[in-house]
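*Asks:* Quick one, target11.csv (CSV, C-alpha atoms):
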```csv
chain,number,residue,atom,x,y,z
L,1,MET,CA,71.6,134.3,76.9
L,2,GLN,CA,74.0,132.8,74.3
L,3,LEU,CA,73.8,134.2,70.7
L,4,ARG,CA,73.6,131.7,67.8
L,5,ARG,CA,76.5,132.1,65.4
L,6,ALA,CA,75.4,133.0,61.8
L,7,GLN,CA,75.8,130.1,59.2
L,8,GLY,CA,77.1,130.8,55.6
L,9,PHE,CA,80.1,130.6,53.2
L,10,THR,CA,83.2,132.5,53.4
L,11,LEU,CA,84.5,134.6,50.5
L,12,ILE,CA,87.4,132.1,50.0
L,13,GLU,CA,84.9,129.2,49.8
L,14,LEU,CA,82.8,131.1,47.2
L,15,ILE,CA,85.9,131.8,45.1
L,16,MET,CA,87.0,128.2,45.3
L,17,VAL,CA,83.6,127.0,44.1
L,18,MET,CA,83.6,129.5,41.2
L,19,VAL,CA,87.1,128.4,40.2
L,20,VAL,CA,86.1,124.7,40.3
L,21,MET,CA,82.9,125.4,38.3
L,22,ALA,CA,84.9,127.4,35.7
L,23,ILE,CA,87.3,124.5,35.2
L,24,ILE,CA,84.5,122.0,34.8
L,25,THR,CA,82.6,124.3,32.4
L,26,ILE,CA,85.8,124.8,30.3
L,27,GLY,CA,86.4,121.0,30.2
L,28,ILE,CA,82.8,120.3,29.2
L,29,GLY,CA,82.9,123.0,26.6
L,30,ARG,CA,86.1,121.8,25.1
L,31,PHE,CA,84.8,118.2,25.0
L,32,VAL,CA,81.6,119.4,23.1
L,33,SER,CA,83.8,121.6,20.8
L,34,LEU,CA,86.0,118.7,19.9
L,35,GLY,CA,83.0,116.5,19.2
L,36,THR,CA,81.4,119.2,17.0
L,37,GLU,CA,84.6,119.7,15.1
L,38,GLY,CA,85.0,116.0,14.5
L,39,TYR,CA,81.4,115.8,13.2
L,40,LEU,CA,82.0,118.8,10.8
L,41,GLN,CA,85.2,117.3,9.5
L,42,THR,CA,83.6,113.9,9.0
L,43,ARG,CA,80.7,115.5,7.2
L,44,ASP,CA,82.9,117.6,5.0
L,45,ARG,CA,85.1,114.6,4.2
L,46,GLU,CA,82.1,112.5,3.3
L,47,GLN,CA,80.6,115.3,1.1
L,48,LEU,CA,83.9,115.7,-0.7
L,49,GLN,CA,84.3,112.0,-1.4
L,50,SER,CA,80.7,111.7,-2.4
L,51,GLN,CA,81.1,114.6,-4.9
L,52,ALA,CA,84.3,113.1,-6.2
L,53,ARG,CA,82.7,109.7,-6.8
L,54,PHE,CA,79.8,111.3,-8.6
L,55,ALA,CA,82.1,113.3,-10.9
L,56,VAL,CA,84.2,110.2,-11.7
L,57,GLU,CA,81.1,108.1,-12.4
L,58,ARG,CA,79.4,110.8,-14.5
L,59,VAL,CA,82.4,111.2,-16.8
L,60,ALA,CA,82.9,107.4,-17.1
L,61,ARG,CA,79.2,106.7,-17.9
L,62,GLU,CA,79.0,109.3,-20.6
L,63,LEU,CA,82.4,108.3,-22.2
L,64,ARG,CA,81.1,104.7,-22.7
L,65,ASN,CA,78.7,106.1,-25.2
L,66,ALA,CA,81.2,108.1,-27.3
L,67,VAL,CA,81.4,107.9,-31.0
L,68,PRO,CA,84.7,106.1,-31.7
L,69,ASN,CA,87.7,108.4,-32.3
L,70,SER,CA,85.7,111.5,-31.5
L,71,LEU,CA,87.7,112.1,-28.3
L,72,LYS,CA,89.7,115.3,-28.0
L,73,ILE,CA,91.9,116.9,-25.3
L,74,THR,CA,92.2,120.7,-25.2
L,75,ASN,CA,93.4,123.4,-22.9
L,76,ASN,CA,96.5,121.6,-21.8
L,77,GLY,CA,94.6,118.5,-20.6
L,78,GLN,CA,92.0,120.5,-18.7
L,79,CYS,CA,89.1,119.8,-21.1
L,80,LEU,CA,87.8,116.5,-22.6
L,81,SER,CA,85.4,116.6,-25.6
L,82,PHE,CA,83.6,113.8,-27.5
L,83,LYS,CA,80.5,113.2,-29.5
L,84,PRO,CA,77.9,110.9,-27.8
L,85,ILE,CA,76.2,108.3,-30.0
L,86,GLN,CA,72.6,109.0,-30.8
L,87,PHE,CA,72.0,105.9,-33.0
L,88,SER,CA,74.3,103.2,-34.2
L,89,GLY,CA,73.9,100.2,-36.4
L,90,ASP,CA,75.1,98.2,-39.4
L,91,TYR,CA,74.5,99.5,-42.9
L,92,SER,CA,73.6,97.2,-45.8
L,93,ASN,CA,74.6,99.4,-48.8
L,94,GLN,CA,76.7,97.5,-51.3
L,95,SER,CA,78.5,100.7,-52.2
L,96,LEU,CA,79.2,104.0,-50.4
L,97,THR,CA,79.8,105.9,-53.7
L,98,ASP,CA,77.3,108.4,-55.0
L,99,ILE,CA,74.5,107.4,-52.6
L,100,THR,CA,71.7,109.5,-51.2
L,101,ALA,CA,70.8,107.3,-48.2
L,102,ILE,CA,72.4,104.9,-45.7
L,103,ILE,CA,70.2,101.8,-45.3
L,104,GLY,CA,70.7,99.6,-42.3
L,105,TYR,CA,69.7,98.2,-38.9
L,106,VAL,CA,70.1,100.1,-35.7
L,107,THR,CA,71.2,98.5,-32.5
L,108,GLN,CA,68.8,100.5,-30.3
L,109,THR,CA,65.4,98.9,-29.6
L,110,ALA,CA,63.6,102.3,-29.8
L,111,THR,CA,62.5,103.7,-33.2
L,112,PRO,CA,65.1,106.1,-34.5
L,113,VAL,CA,63.7,109.7,-34.5
L,114,PHE,CA,65.1,112.4,-36.8
L,115,GLN,CA,66.5,115.5,-35.1
L,116,PRO,CA,67.7,118.7,-36.8
L,117,GLN,CA,71.5,118.9,-37.5
L,118,MET,CA,71.8,115.1,-37.2
L,119,ARG,CA,75.0,113.8,-38.8
L,120,LEU,CA,76.1,110.3,-39.8
L,121,VAL,CA,79.7,109.1,-39.8
L,122,ILE,CA,81.3,106.0,-41.1
L,123,ASN,CA,84.8,104.7,-40.2
L,124,PRO,CA,86.1,107.8,-38.4
L,125,HIS,CA,89.8,107.5,-37.4
L,126,LYS,CA,90.8,111.1,-36.5
L,127,ALA,CA,89.2,114.4,-35.4
L,128,GLN,CA,89.2,115.8,-39.0
L,129,ASP,CA,86.8,113.0,-40.0
L,130,PHE,CA,84.0,114.8,-38.1
L,131,ASP,CA,84.4,118.1,-40.1
L,132,VAL,CA,81.5,119.0,-42.3
L,133,ALA,CA,83.9,119.0,-45.3
L,134,SER,CA,85.0,115.4,-44.6
L,135,ASP,CA,84.1,112.6,-46.8
L,136,GLN,CA,83.4,110.4,-43.8
L,137,VAL,CA,80.5,112.4,-42.5
L,138,ALA,CA,77.2,113.5,-44.0
L,139,THR,CA,74.1,115.4,-42.8
L,140,VAL,CA,70.9,113.4,-42.3
L,141,THR,CA,67.7,115.1,-43.5
L,142,ALA,CA,65.1,112.4,-42.7
L,143,ILE,CA,64.7,108.8,-41.4
L,144,ASN,CA,62.3,106.5,-43.2
L,145,LYS,CA,61.3,102.8,-42.8
L,146,GLY,CA,63.2,100.4,-45.0
L,147,ALA,CA,61.9,97.7,-47.3
L,148,VAL,CA,62.0,95.0,-44.6
L,149,ALA,CA,61.3,94.7,-40.9
L,150,ASN,CA,63.6,96.7,-38.5
L,151,GLN,CA,65.3,98.3,-41.5
L,152,TRP,CA,65.8,102.1,-41.6
L,153,GLN,CA,66.8,104.5,-44.3
L,154,PHE,CA,68.8,107.5,-43.3
L,155,GLU,CA,68.3,110.1,-46.0
L,156,LEU,CA,71.4,112.3,-46.7
L,157,ASP,CA,71.5,115.9,-47.9
L,158,GLY,CA,72.2,115.1,-51.5
L,159,GLN,CA,74.5,112.6,-53.2
L,160,HIS,CA,77.4,111.6,-51.1
L,161,SER,CA,80.5,109.4,-51.5
L,162,PHE,CA,82.2,108.1,-48.3
L,163,ASP,CA,86.0,108.0,-48.6
L,164,SER,CA,86.2,104.6,-46.9
L,165,GLY,CA,83.9,102.1,-45.4
L,166,SER,CA,83.8,100.2,-42.1
L,167,LEU,CA,85.2,96.7,-42.0
L,168,ALA,CA,82.2,95.8,-39.7
L,169,GLN,CA,79.8,98.0,-41.8
L,170,ARG,CA,79.1,100.2,-38.8
L,171,PHE,CA,77.6,103.7,-38.9
L,172,TYR,CA,77.0,106.2,-36.1
L,173,THR,CA,74.8,109.3,-35.8
L,174,TYR,CA,75.2,112.2,-33.4
L,175,THR,CA,73.6,115.7,-32.9
L,176,HIS,CA,76.1,117.4,-30.5
L,177,SER,CA,79.4,117.2,-28.7
L,178,VAL,CA,80.0,117.1,-24.9
L,179,THR,CA,82.8,118.8,-23.1
L,180,PHE,CA,84.0,118.3,-19.5
L,181,CYS,CA,86.3,121.1,-18.4
L,182,ILE,CA,88.3,121.8,-15.2
L,183,GLU,CA,87.9,125.5,-14.7
L,184,GLY,CA,89.2,127.1,-11.5
L,185,ASN,CA,88.1,124.8,-8.7
L,186,SER,CA,85.2,123.4,-10.6
L,187,LEU,CA,84.4,120.6,-13.1
L,188,THR,CA,81.7,121.7,-15.6
L,189,HIS,CA,79.7,120.0,-18.4
L,190,THR,CA,78.9,121.8,-21.6
L,191,THR,CA,77.1,120.7,-24.8
L,192,ILE,CA,77.6,122.1,-28.3
L,193,ASP,CA,75.1,121.1,-31.0
L,194,ASN,CA,76.1,120.6,-34.6
L,195,ALA,CA,74.9,124.1,-35.5
L,196,GLY,CA,77.5,125.5,-33.1
L,197,SER,CA,75.1,126.6,-30.3
L,198,GLN,CA,76.6,126.1,-26.8
L,199,SER,CA,74.7,125.5,-23.6
L,200,GLN,CA,75.4,127.1,-20.3
L,201,PRO,CA,78.1,125.2,-18.3
L,202,VAL,CA,76.6,122.9,-15.7
L,203,LEU,CA,78.5,122.4,-12.5
L,204,ILE,CA,79.4,118.8,-11.8
L,205,ALA,CA,81.8,119.1,-8.9
L,206,GLN,CA,83.6,121.8,-6.8
L,207,TYR,CA,86.8,121.9,-4.7
L,208,ILE,CA,88.9,120.4,-7.5
L,209,ASP,CA,92.6,121.3,-7.6
L,210,SER,CA,93.2,122.2,-11.3
L,211,SER,CA,97.0,122.1,-10.8
L,212,LEU,CA,96.8,118.4,-9.8
L,213,SER,CA,93.9,117.4,-12.1
L,214,MET,CA,93.9,116.6,-15.9
L,215,PHE,CA,92.6,114.4,-18.7
L,216,SER,CA,94.7,112.3,-21.1
L,217,ILE,CA,94.0,109.9,-24.0
L,218,ASP,CA,95.8,106.8,-25.3
L,219,ASN,CA,94.3,106.6,-28.7
L,220,ALA,CA,92.9,103.4,-30.2
L,221,ALA,CA,95.2,100.8,-31.8
L,222,LEU,CA,94.6,97.6,-33.8
L,223,ALA,CA,94.7,95.5,-30.6
L,224,ARG,CA,92.4,97.6,-28.4
L,225,SER,CA,90.1,100.6,-28.2
L,226,ALA,CA,91.0,104.0,-27.0
L,227,LEU,CA,91.8,104.6,-23.3
L,228,VAL,CA,90.8,107.8,-21.5
L,229,ALA,CA,92.4,108.5,-18.2
L,230,TRP,CA,91.9,111.3,-15.7
L,231,GLN,CA,93.3,112.5,-12.4
L,232,PHE,CA,91.0,114.4,-10.1
L,233,THR,CA,92.3,115.9,-6.8
L,234,PHE,CA,89.7,117.4,-4.5
L,235,THR,CA,90.7,119.6,-1.6
L,236,ARG,CA,88.6,121.2,1.1
L,237,ASN,CA,89.4,122.4,4.6
L,238,GLY,CA,92.8,120.6,4.6
L,239,GLU,CA,91.3,117.3,3.4
L,240,SER,CA,92.5,116.0,0.1
L,241,SER,CA,91.2,113.1,-2.0
L,242,ARG,CA,92.9,111.9,-5.2
L,243,TYR,CA,91.2,109.8,-7.9
L,244,ASN,CA,92.9,108.1,-10.8
L,245,HIS,CA,90.5,106.5,-13.3
L,246,THR,CA,90.7,104.9,-16.7
L,247,VAL,CA,87.9,104.0,-19.1
L,248,GLN,CA,88.2,102.0,-22.3
L,249,VAL,CA,85.9,103.2,-25.0
L,250,MET,CA,84.7,100.0,-26.4
L,251,ASN,CA,82.9,101.4,-29.5
L,252,ALA,CA,84.8,100.6,-32.7
L,253,PRO,CA,84.6,102.3,-36.2
```
Have the structure of the file written as structure tokens, please.
*Replies:*
Amino acid sequence: MQLRRAQGFTLIELIMVMVVMAIITIGIGRFVSLGTEGYLQTRDREQLQSQARFAVERVARELRNAVPNSLKITNNGQCLSFKPIQFSGDYSNQSLTDITAIIGYVTQTATPVFQPQMRLVINPHKAQDFDVASDQVATVTAINKGAVANQWQFELDGQHSFDSGSLAQRFYTYTHSVTFCIEGNSLTHTTIDNAGSQSQPVLIAQYIDSSLSMFSIDNAALARSALVAWQFTFTRNGESSRYNHTVQVMNAP
């Protein structure tokens, strides 16, 4: 009687199969790893650029509503401050000497509403024109309807004489100032009301390189309005995005 020989794999065959499977597994794992890394890098890059675009647009949008010549750079170009317009319009006063109210028409369609610490400025040309002691600014105590349609009367805190008038007879009111600051690796937004109370900084953007980012101002001239420029460099995980932006503040005194 002939014995049947047992069927199976030899040890060498098993080892060869294990080696081949290991090579295949490593190859697949590396392929998946590269795909995952590529996805994460693309996601981080898109988040960084999206954040950068938002920061640039936020600063530009708020700057377009700045009271003329209220722009100020501090902290070696790391901070930009300005006073946003609350109401603006054309005054009809024949004289700006010893008056108790500014009478005029506002450009906004909404009814002007009085707010505490509201100030009114006429023909500002420098930062000192916004000081409380300046003859170009006065505190508003109430807003009343004028004698004719769409006319408003901005009551002042006593008798006031403005040092100079506006060629276009413009006036502006404001209640606070806004400051954008590059602090560490962040861009923040802060408001300070006319009474001096400061809000908590609001985070606008992260991953900003403060050594490569700054604000600058080219002040207004007779031929054009003020130009505000800023350079923002965002860096994250080896990715770097640089943004150079310039905004012309169209509002004129």
*Asks:* Please provide as JSON, numbers by chain all residues within 7 Å of Asn65 of chain L, with the sequence filter that same-chain residues fewer than 3 positions apart are discarded (counting all atoms listed in the file).
*Replies:* {"L": [62, 84, 85]}
*Asks:* Could you check which residues have any atom within 9 Å of (88.1, 109.5, -10.6), counting all atoms listed in the file with coordinates taken straight from the file, and then list them as a list in words?
*Replies:*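 Taken together, the residues in range are Ala52, Arg53, Phe54, Ala55, Val56, Glu57, Val59, Ala60, Ala229, Trp230, Gln231, Phe232, Thr233, Arg242, Tyr243, Asn244, His245 and Thr246 of chain L.
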*Asks:* Would you give me, as JSON lines, each residue of segment 102-180 of chain L having an atom within 10 Å of an atom of segment 194-216 of chain L, along with its shortest atom pair and that distance in Å to one decimal, using all atoms listed in the file and sorting by chain and residue number?
*Replies:*
```
{"residue": "L:Pro116", "atom": "CA", "partner": "L:Asn194", "partner_atom": "CA", "distance": 8.9}
{"residue": "L:Gln117", "atom": "CA", "partner": "L:Asn194", "partner_atom": "CA", "distance": 5.7}
{"residue": "L:Met118", "atom": "CA", "partner": "L:Asn194", "partner_atom": "CA", "distance": 7.4}
{"residue": "L:Arg119", "atom": "CA", "partner": "L:Asn194", "partner_atom": "CA", "distance": 8.1}
{"residue": "L:Val132", "atom": "CA", "partner": "L:Asn194", "partner_atom": "CA", "distance": 9.5}
{"residue": "L:Thr139", "atom": "CA", "partner": "L:Asn194", "partner_atom": "CA", "distance": 9.9}
{"residue": "L:Tyr174", "atom": "CA", "partner": "L:Asn194", "partner_atom": "CA", "distance": 8.5}
{"residue": "L:Thr175", "atom": "CA", "partner": "L:Asn194", "partner_atom": "CA", "distance": 5.8}
{"residue": "L:His176", "atom": "CA", "partner": "L:Asn194", "partner_atom": "CA", "distance": 5.2}
{"residue": "L:Ser177", "atom": "CA", "partner": "L:Asn194", "partner_atom": "CA", "distance": 7.6}
{"residue": "L:Val178", "atom": "CA", "partner": "L:Gln198", "partner_atom": "CA", "distance": 9.8}
{"residue": "L:Thr179", "atom": "CA", "partner": "L:Pro201", "partner_atom": "CA", "distance": 9.3}
{"residue": "L:Phe180", "atom": "CA", "partner": "L:Ile204", "partner_atom": "CA", "distance": 9.0}
```
*Asks:* Which residues, written as a list of chain:residue names, have at least one atom at most 7 Å from Val140 of chain L, with all atoms listed in the file counted and residues fewer than 6 positions away on the same chain left out?
*Replies:*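 The contact residues come out as L:Met118, L:Arg119, L:Leu120, L:Phe154, L:Glu155, L:Leu156, L:Asp157.
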*Asks:* Calculate how many Å separate atom CA of Ser166 of chain L from atom CA of Val106 of chain L, rounding to one decimal.
*Replies:*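 It comes out at 15.1 Å.
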*Asks:* Any idea what's packed within 10 Å of Asn69 of chain L, counting all atoms listed in the file, ignoring anything in its chain fewer than 4 positions away? Could you give it as a list in words?
*Replies:*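 The residues that qualify are Phe82, Lys83, Asn123, Pro124, His125, Lys126, Ala127, Asp129, Phe130, Asn219, Ala220, Ser225, Ala226, Val249, Asn251, Ala252 and Pro253 of chain L.
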*Asks:* So which one's closest to Gln86 of chain L, L:Ile103, L:Ala66, L:Ala142, L:Val148? Using all atoms listed in the file, please.
*Replies:*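 Result for the nearest residue to Gln86 of chain L: L:Ala66.
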*Asks:* Tyr91 of chain L: which residues within 8 Å, counting all atoms listed in the file, same-chain residues fewer than 5 positions away excluded, as an MDAnalysis selection string?
*Replies:* chainID L and resid 102:105 169:171
*Asks:* Pick out the closest residue to Lys145 of chain L from this set: L:Met21, L:Asn237, L:Ile217, L:Pro112. Count all atoms listed in the file.
*Replies:*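 Closest to Lys145 of chain L, using all atoms listed in the file: L:Pro112.
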*Asks:* How many Å lie between atom CA of Leu96 of chain L and atom CA of Val67 of chain L, rounded to one decimal?
*Replies:*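 The value is 19.9 Å.
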*Asks:* Restricting the calculation to only C-alpha atoms: of L:Ala147, L:Ala168, L:Leu71, L:Ile24, which residue gets closest to Val228 of chain L?
*Replies:*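 Looking at the shortest contact to Val228 of chain L, the residue is L:Leu71.
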*Asks:* Provide the atom CA of Thr109 of chain L to atom CA of Gly89 of chain L distance in Å, to one decimal place.
*Replies:*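 Atom CA of Gly89 of chain L lies at a distance of 11.0 Å from atom CA of Thr109 of chain L.
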*Asks:* Some atoms are absent from segment 164-175 of chain L, so rebuild all heavy atoms and return them as an mmCIF file, keeping the file's coordinate frame.
*Replies:*
```cif
data_model
loop_
_atom_site.group_PDB
_atom_site.id
_atom_site.type_symbol
_atom_site.label_atom_id
_atom_site.label_comp_id
_atom_site.auth_asym_id
_atom_site.auth_seq_id
_atom_site.Cartn_x
_atom_site.Cartn_y
_atom_site.Cartn_z
ATOM 1 N N SER L 164 85.936 106.000 -47.195
ATOM 2 C CA SER L 164 86.200 104.600 -46.900
ATOM 3 C C SER L 164 85.091 104.026 -46.047
ATOM 4 O O SER L 164 84.366 104.755 -45.362
ATOM 5 C CB SER L 164 87.548 104.509 -46.051
ATOM 6 O OG SER L 164 87.423 105.197 -44.814
ATOM 7 N N GLY L 165 84.943 102.730 -46.132
ATOM 8 C CA GLY L 165 83.900 102.100 -45.400
ATOM 9 C C GLY L 165 84.396 101.404 -44.140
ATOM 10 O O GLY L 165 85.603 101.321 -43.892
ATOM 11 N N SER L 166 83.485 100.929 -43.328
ATOM 12 C CA SER L 166 83.800 100.200 -42.100
ATOM 13 C C SER L 166 83.951 98.745 -42.351
ATOM 14 O O SER L 166 83.111 98.153 -43.042
ATOM 15 C CB SER L 166 82.756 100.511 -41.036
ATOM 16 O OG SER L 166 82.867 99.614 -39.954
ATOM 17 N N LEU L 167 84.982 98.119 -41.780
ATOM 18 C CA LEU L 167 85.200 96.700 -42.000
ATOM 19 C C LEU L 167 83.961 95.912 -41.397
ATOM 20 O O LEU L 167 83.577 94.864 -41.925
ATOM 21 C CB LEU L 167 86.444 96.220 -41.278
ATOM 22 C CG LEU L 167 87.748 96.704 -41.921
ATOM 23 C CD1 LEU L 167 88.947 96.240 -41.103
ATOM 24 C CD2 LEU L 167 87.859 96.188 -43.357
ATOM 25 N N ALA L 168 83.382 96.435 -40.316
ATOM 26 C CA ALA L 168 82.200 95.800 -39.700
ATOM 27 C C ALA L 168 80.916 96.388 -40.220
ATOM 28 O O ALA L 168 79.847 96.046 -39.713
ATOM 29 C CB ALA L 168 82.285 95.919 -38.191
ATOM 30 N N GLN L 169 80.987 97.299 -41.204
ATOM 31 C CA GLN L 169 79.800 98.000 -41.800
ATOM 32 C C GLN L 169 79.008 98.717 -40.732
ATOM 33 O O GLN L 169 77.777 98.674 -40.737
ATOM 34 C CB GLN L 169 78.950 96.987 -42.563
ATOM 35 C CG GLN L 169 79.639 96.433 -43.810
ATOM 36 C CD GLN L 169 78.704 95.625 -44.677
ATOM 37 O OE1 GLN L 169 78.194 94.576 -44.241
ATOM 38 N NE2 GLN L 169 78.464 96.107 -45.877
ATOM 39 N N ARG L 170 79.724 99.418 -39.833
ATOM 40 C CA ARG L 170 79.100 100.200 -38.800
ATOM 41 C C ARG L 170 78.861 101.635 -39.208
ATOM 42 O O ARG L 170 79.664 102.188 -39.957
ATOM 43 C CB ARG L 170 79.868 100.150 -37.486
ATOM 44 C CG ARG L 170 79.997 98.794 -36.841
ATOM 45 C CD ARG L 170 80.603 98.941 -35.447
ATOM 46 N NE ARG L 170 80.802 97.658 -34.804
ATOM 47 C CZ ARG L 170 81.948 96.981 -34.809
ATOM 48 N NH1 ARG L 170 83.004 97.490 -35.430
ATOM 49 N NH2 ARG L 170 82.062 95.824 -34.206
ATOM 50 N N PHE L 171 77.799 102.236 -38.700
ATOM 51 C CA PHE L 171 77.600 103.700 -38.900
ATOM 52 C C PHE L 171 77.130 104.246 -37.514
ATOM 53 O O PHE L 171 76.577 103.531 -36.667
ATOM 54 C CB PHE L 171 76.577 103.988 -39.956
ATOM 55 C CG PHE L 171 75.157 103.625 -39.602
ATOM 56 C CD1 PHE L 171 74.318 104.531 -38.967
ATOM 57 C CD2 PHE L 171 74.649 102.364 -39.910
ATOM 58 C CE1 PHE L 171 73.003 104.203 -38.644
ATOM 59 C CE2 PHE L 171 73.342 102.020 -39.587
ATOM 60 C CZ PHE L 171 72.516 102.938 -38.954
ATOM 61 N N TYR L 172 77.360 105.541 -37.315
ATOM 62 C CA TYR L 172 77.000 106.200 -36.100
ATOM 63 C C TYR L 172 76.336 107.569 -36.436
ATOM 64 O O TYR L 172 76.755 108.218 -37.404
ATOM 65 C CB TYR L 172 78.169 106.483 -35.172
ATOM 66 C CG TYR L 172 78.864 105.227 -34.688
ATOM 67 C CD1 TYR L 172 79.925 104.673 -35.408
ATOM 68 C CD2 TYR L 172 78.460 104.595 -33.518
ATOM 69 C CE1 TYR L 172 80.564 103.527 -34.975
ATOM 70 C CE2 TYR L 172 79.093 103.442 -33.079
ATOM 71 C CZ TYR L 172 80.146 102.910 -33.812
ATOM 72 O OH TYR L 172 80.773 101.771 -33.375
ATOM 73 N N THR L 173 75.335 107.968 -35.651
ATOM 74 C CA THR L 173 74.800 109.300 -35.800
ATOM 75 C C THR L 173 74.960 110.075 -34.490
ATOM 76 O O THR L 173 75.005 109.475 -33.418
ATOM 77 C CB THR L 173 73.285 109.287 -36.173
ATOM 78 O OG1 THR L 173 72.518 108.811 -35.061
ATOM 79 C CG2 THR L 173 73.039 108.414 -37.394
ATOM 80 N N TYR L 174 75.058 111.390 -34.611
ATOM 81 C CA TYR L 174 75.200 112.200 -33.400
ATOM 82 C C TYR L 174 74.641 113.619 -33.741
ATOM 83 O O TYR L 174 74.540 114.026 -34.912
ATOM 84 C CB TYR L 174 76.700 112.356 -33.043
ATOM 85 C CG TYR L 174 77.591 112.945 -34.115
ATOM 86 C CD1 TYR L 174 77.856 114.310 -34.157
ATOM 87 C CD2 TYR L 174 78.139 112.130 -35.112
ATOM 88 C CE1 TYR L 174 78.658 114.851 -35.158
ATOM 89 C CE2 TYR L 174 78.940 112.666 -36.102
ATOM 90 C CZ TYR L 174 79.203 114.024 -36.127
ATOM 91 O OH TYR L 174 79.983 114.563 -37.118
ATOM 92 N N THR L 175 74.239 114.337 -32.711
ATOM 93 C CA THR L 175 73.600 115.700 -32.900
ATOM 94 C C THR L 175 74.416 116.763 -32.159
ATOM 95 O O THR L 175 74.163 117.941 -32.384
ATOM 96 C CB THR L 175 72.190 115.691 -32.366
ATOM 97 O OG1 THR L 175 72.188 115.312 -30.974
ATOM 98 C CG2 THR L 175 71.313 114.727 -33.151
#
```
